[in-house]
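Read through the structure below, which is laid out as structure tokens, and then see the notes.
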Protein chains: 2
Amino acid sequence: MTPKDTGTEQLIKDTAKHLFFAEGKIHATTQEIADAAGVNRTLVNYYFKSRDALFDQVFNEAQEKVVKILDEVMESDMPFREKIANLITVFLKEAMHFPYREIFIITQMNRNDVIDAKRARVEKVNAFLAEIEQEMDKGNIKKMNPRHFCINLFSLMAYPLVTAPLYKILYDMQDDEYNALMEERKKLIFEFIFP
Amino acid sequence: MTPKDTGTEQLIKDTAKHLFFAEGKIHATTQEIADAAGVNRTLVNYYFKSRDALFDQVFNEAQEKVVKILDEVMESDMPFREKIANLITVFLKEAMHFPYREIFIITQMNRNDVIDAKRARVEKVNAFLAEIEQEMDKGNIKKMNPRHFCINLFSLMAYPLVTAPLYKILYDMQDDEYNALMEERKKLIFEFIFP
DNA sequence: CTTTTGTTTAACAATTTTGTCAAACTTAAG
DNA sequence: CTTAAGTTTGACAAAATTGTTAAACAAAAG
């Protein structure tokens, strides 16, 4: 048998991500992860050495994925409108699948008193902010600090999915109803940005 | 000495809230809470019986506080514009102090597979949604599903503070600079809602 | 001063969670 | 079939976290 052909290592990692990012169970123990994956708990140590190592790996991959999504959007040479439309489509799809990924990242950062990485991103971000400012000068979007533009955009996309459990109660909605509401937001957010 | 006149019980609870809601350390152990409060760990058990009991109490009080803030805003008989202006002022002030309170609530809900409470809120929420719809009919705000109006408003207020650690890195800003950016948002969000 | 009541502490116990290891198992290659 | 490499398991150990208790302490009342 060649190494890892049953994919147990991947299964464990995927299950951990599902618990953390999709179900928002960011406290999950190794036992809970193993149970959810349907494997023996000691396999977590066999494949990942320690709980912390698994967490670190999941954390790093989460960060890489987020960075990758943003990079692909920011660096593409589409016209601005399409770029944003594309961002909304891609990001909301991801966020509906993994609503708590950013929360997991932030929680881990707070827990370990911030080990950064991705200072390297600053230049790319600044380039994107400059591009946004150009669009404002052209009169295509409302003038403001371009940092607010980004903050607004991501807030409108991400937060409704993080707070879904609350809104489902307050709005008295079932899962499918709330999902439909989130679907509506793709168009709504775009029109919010480009009135 | 009359009971609790040193306020140790309150100190422990306030410290726990600070760790959870302000620092985002939602995994904090009883030892970490005790250390941060500068008291012996066993006092947590003396005053709160168990770790879970402390968490439950903090959770309930967090929920009550959020409900109270929303109720005071929604039930006040101010004109709509002032009502929203007031909401933005009050909520953003709270969120700048305790950015992770809602995240703590949601995390606990996810952890325990949602014990709701506050189904009772549904009626009040519906009344507020109806009021928003009236304002739309009057042409004072953009027409949309009033649920989206609320979601947008709270997303724009809350999420930038939750994601502050990330933005501080990506925007290369210090704490005071980021706080200033958040202050700007009071006006910005209001103008976003009432163009 | 003594008592009473409530508070704080350290030592200890219990529980929960994580980590280790040897043995059993599985499969493919020789 | 035998061997070799990787995988899985259960028993056990270690560590981390939480809970209990008795004794020391502090302050006010009698």
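Going through the structure tokens in order, the chains are called A, B, and so on, while each chain numbers its residues from 1 and the ligands are numbered from 1 in the order shown.
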
Shell of 10 Å around region 2-18 of chain C, only C-alpha atoms (C1' of nucleotides), local chain residues under 6 positions omitted, as a ChimeraX atom specification: /A:29-31,42,45,50-51 /B:1-4,6,8,39-43,46 /D:14-30

Write the residues you've just listed into a file as a PDB file, in the first residue's frame, and include C-alpha atoms (C1' of nucleotides) for each of them.
ATOM      1  CA  THR A  29     -11.350  18.660  20.920  1.00  0.00           C
ATOM      2  CA  THR A  30      -9.330  16.004  19.098  1.00  0.00           C
ATOM      3  CA  GLN A  31     -11.898  13.475  20.241  1.00  0.00           C
ATOM      4  CA  THR A  42      -4.844   8.521  17.992  1.00  0.00           C
ATOM      5  CA  ASN A  45      -1.389  12.259  16.555  1.00  0.00           C
ATOM      6  CA  SER A  50      -0.093  17.054  18.039  1.00  0.00           C
ATOM      7  CA  ARG A  51      -3.330  18.942  18.372  1.00  0.00           C
TER       8      ARG A  51
ATOM      9  CA  MET B   1     -17.449  42.878  56.806  1.00  0.00           C
ATOM     10  CA  THR B   2     -20.618  42.740  54.835  1.00  0.00           C
ATOM     11  CA  PRO B   3     -20.759  40.191  52.035  1.00  0.00           C
ATOM     12  CA  LYS B   4     -18.794  40.854  48.873  1.00  0.00           C
ATOM     13  CA  THR B   6     -14.435  43.937  48.060  1.00  0.00           C
ATOM     14  CA  THR B   8     -14.232  40.106  44.047  1.00  0.00           C
ATOM     15  CA  VAL B  39      -7.069  36.569  42.334  1.00  0.00           C
ATOM     16  CA  ASN B  40      -6.715  32.966  43.401  1.00  0.00           C
ATOM     17  CA  ARG B  41      -8.278  30.573  40.926  1.00  0.00           C
ATOM     18  CA  THR B  42     -10.397  28.779  43.503  1.00  0.00           C
ATOM     19  CA  LEU B  43     -12.368  31.976  44.012  1.00  0.00           C
ATOM     20  CA  TYR B  46     -16.236  29.908  45.429  1.00  0.00           C
TER      21      TYR B  46
ATOM     22  C1'  DA D  14       1.120  12.358  30.966  1.00  0.00           C
ATOM     23  C1'  DA D  15      -0.499  16.834  31.069  1.00  0.00           C
ATOM     24  C1'  DA D  16      -3.787  20.297  31.546  1.00  0.00           C
ATOM     25  C1'  DT D  17      -7.819  21.883  33.568  1.00  0.00           C
ATOM     26  C1'  DT D  18     -11.339  21.948  36.864  1.00  0.00           C
ATOM     27  C1'  DG D  19     -13.342  21.049  41.460  1.00  0.00           C
ATOM     28  C1'  DT D  20     -13.099  20.243  46.730  1.00  0.00           C
ATOM     29  C1'  DT D  21     -11.696  20.845  51.300  1.00  0.00           C
ATOM     30  C1'  DA D  22      -9.806  22.319  55.545  1.00  0.00           C
ATOM     31  C1'  DA D  23      -7.337  25.732  57.506  1.00  0.00           C
ATOM     32  C1'  DA D  24      -5.786  30.503  57.737  1.00  0.00           C
ATOM     33  C1'  DC D  25      -7.226  35.059  57.546  1.00  0.00           C
ATOM     34  C1'  DA D  26      -9.857  39.546  58.044  1.00  0.00           C
ATOM     35  C1'  DA D  27     -13.223  42.492  59.744  1.00  0.00           C
ATOM     36  C1'  DA D  28     -17.303  43.667  62.172  1.00  0.00           C
ATOM     37  C1'  DA D  29     -20.536  42.634  66.014  1.00  0.00           C
ATOM     38  C1'  DG D  30     -21.354  41.372  70.543  1.00  0.00           C
TER      39       DG D  30
END

Which of region 49-179 of chain B DSSP labels helix (DSSP H, G or I), written as a PyMOL selection string: chain B and resi 51-75+80-97+101-111+121-137+146-162+164-170+175-179

Saved selection, atoms kept: C-alpha atoms, as a CSV table (one decimal), in the first residue's frame:
chain,number,residue,atom,x,y,z
B,51,ARG,CA,-16.5,27.3,35.1
B,52,ASP,CA,-19.7,26.4,33.1
B,53,ALA,CA,-21.8,28.4,35.6
B,54,LEU,CA,-19.5,31.5,35.1
B,55,PHE,CA,-19.8,31.0,31.3
B,56,ASP,CA,-23.5,30.7,31.5
B,57,GLN,CA,-23.9,33.8,33.6
B,58,VAL,CA,-21.6,35.8,31.3
B,59,PHE,CA,-23.5,34.4,28.3
B,60,ASN,CA,-26.9,35.4,29.7
B,61,GLU,CA,-25.8,38.8,30.7
B,62,ALA,CA,-24.3,39.4,27.3
B,63,GLN,CA,-27.5,38.4,25.6
B,64,GLU,CA,-29.5,40.6,28.0
B,65,LYS,CA,-27.3,43.6,27.3
B,66,VAL,CA,-27.6,43.2,23.5
B,67,VAL,CA,-31.3,42.8,23.7
B,68,LYS,CA,-31.6,45.8,26.0
B,69,ILE,CA,-29.6,48.0,23.6
B,70,LEU,CA,-31.8,46.9,20.7
B,71,ASP,CA,-35.0,47.3,22.6
B,72,GLU,CA,-34.2,50.8,23.8
B,73,VAL,CA,-33.5,51.8,20.2
B,74,MET,CA,-36.4,50.0,18.5
B,75,GLU,CA,-39.0,51.0,21.1
B,80,PHE,CA,-36.8,57.3,12.3
B,81,ARG,CA,-33.7,59.2,11.3
B,82,GLU,CA,-32.8,60.1,14.8
B,83,LYS,CA,-33.6,56.6,15.9
B,84,ILE,CA,-31.0,55.2,13.5
B,85,ALA,CA,-28.5,57.9,14.3
B,86,ASN,CA,-28.9,57.0,18.0
B,87,LEU,CA,-28.5,53.4,17.2
B,88,ILE,CA,-25.3,54.0,15.4
B,89,THR,CA,-23.9,56.1,18.2
B,90,VAL,CA,-24.9,53.6,20.9
B,91,PHE,CA,-24.0,50.4,19.1
B,92,LEU,CA,-20.7,51.6,17.8
B,93,LYS,CA,-19.6,52.8,21.2
B,94,GLU,CA,-20.5,49.4,22.7
B,95,ALA,CA,-18.8,47.6,19.8
B,96,MET,CA,-15.6,49.6,20.2
B,97,HIS,CA,-15.5,48.6,23.8
B,101,ARG,CA,-19.5,40.1,22.4
B,102,GLU,CA,-21.7,38.9,19.6
B,103,ILE,CA,-19.0,36.5,18.5
B,104,PHE,CA,-18.9,35.0,22.0
B,105,ILE,CA,-22.7,34.6,22.0
B,106,ILE,CA,-22.7,32.9,18.6
B,107,THR,CA,-19.7,30.7,19.5
B,108,GLN,CA,-21.5,29.5,22.6
B,109,MET,CA,-24.7,28.8,20.6
B,110,ASN,CA,-22.7,26.8,18.1
B,111,ARG,CA,-21.0,24.9,20.9
B,121,ARG,CA,-38.1,39.1,20.5
B,122,VAL,CA,-39.7,38.1,17.2
B,123,GLU,CA,-42.7,40.3,17.6
B,124,LYS,CA,-40.6,43.4,18.5
B,125,VAL,CA,-38.3,42.7,15.5
B,126,ASN,CA,-41.3,42.4,13.2
B,127,ALA,CA,-42.6,45.7,14.5
B,128,PHE,CA,-39.3,47.4,13.8
B,129,LEU,CA,-39.2,45.8,10.3
B,130,ALA,CA,-42.6,47.2,9.6
B,131,GLU,CA,-41.5,50.6,10.7
B,132,ILE,CA,-38.5,50.4,8.3
B,133,GLU,CA,-40.9,49.4,5.5
B,134,GLN,CA,-42.9,52.5,6.1
B,135,GLU,CA,-39.8,54.6,5.7
B,136,MET,CA,-39.2,52.9,2.4
B,137,ASP,CA,-42.7,53.6,1.3
B,146,PRO,CA,-36.3,45.4,5.5
B,147,ARG,CA,-34.4,42.4,6.8
B,148,HIS,CA,-31.5,43.3,4.5
B,149,PHE,CA,-31.7,46.9,5.9
B,150,CYS,CA,-31.0,45.6,9.4
B,151,ILE,CA,-28.4,43.1,8.3
B,152,ASN,CA,-26.6,45.8,6.4
B,153,LEU,CA,-26.6,48.2,9.2
B,154,PHE,CA,-25.3,45.8,11.8
B,155,SER,CA,-22.8,44.3,9.5
B,156,LEU,CA,-21.3,47.7,8.7
B,157,MET,CA,-21.0,48.5,12.4
B,158,ALA,CA,-19.9,45.3,13.9
B,159,TYR,CA,-17.7,43.4,11.5
B,160,PRO,CA,-14.9,46.0,11.1
B,161,LEU,CA,-14.3,45.8,14.8
B,162,VAL,CA,-14.3,42.0,14.8
B,164,ALA,CA,-9.6,44.8,13.4
B,165,PRO,CA,-6.6,42.5,14.0
B,166,LEU,CA,-6.5,41.6,10.3
B,167,TYR,CA,-7.1,45.1,9.0
B,168,LYS,CA,-4.5,46.6,11.2
B,169,ILE,CA,-1.9,44.4,9.5
B,170,LEU,CA,-3.3,44.7,5.9
B,175,ASP,CA,-4.4,51.0,17.3
B,176,ASP,CA,-5.1,54.7,17.5
B,177,GLU,CA,-5.2,55.1,13.8
B,178,TYR,CA,-7.6,52.3,13.4
B,179,ASN,CA,-9.8,53.7,16.2

Å distance separating CA of Ile33 (chain A) from C1' of DA22 (chain C), one decimal place: 24.7 Å

Check: which chain C residues lie within 10 Å of chain A using only C-alpha atoms (C1' of nucleotides), as a list in words: DT17, DT18, DG19, DT20, DT26, DT27, DA28 and DA29 of chain C

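Separating CA of Phe194 (chain B) from CA of Ile141 (chain B) is a distance of 6.0 Å.
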
Test item: chain D residues at most 8 Å from chain A, counting only C-alpha atoms (C1' of nucleotides), as a ChimeraX atom specification: /D:5-6,8-9

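Pairwise distance (CA of Lys13 (chain A), CA of Lys25 (chain A)) equals 14.3 Å.
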
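Distances here use only C-alpha atoms; by that measure, the residue among A:Ala36, A:Met144, A:Ala180, A:Ile12 closest to chain B is A:Met144.
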
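Each of A:Lys143, A:Arg119, A:Lys17, A:Lys186 was checked against chain B using only C-alpha atoms; the smallest atom-to-atom distance is that of A:Arg119.
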
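Shortest separation to Ile193 (chain B) among B:Phe48, B:Lys142, B:Asp77, B:Gly7 occurs at residue B:Lys142, atoms counted being only C-alpha atoms.
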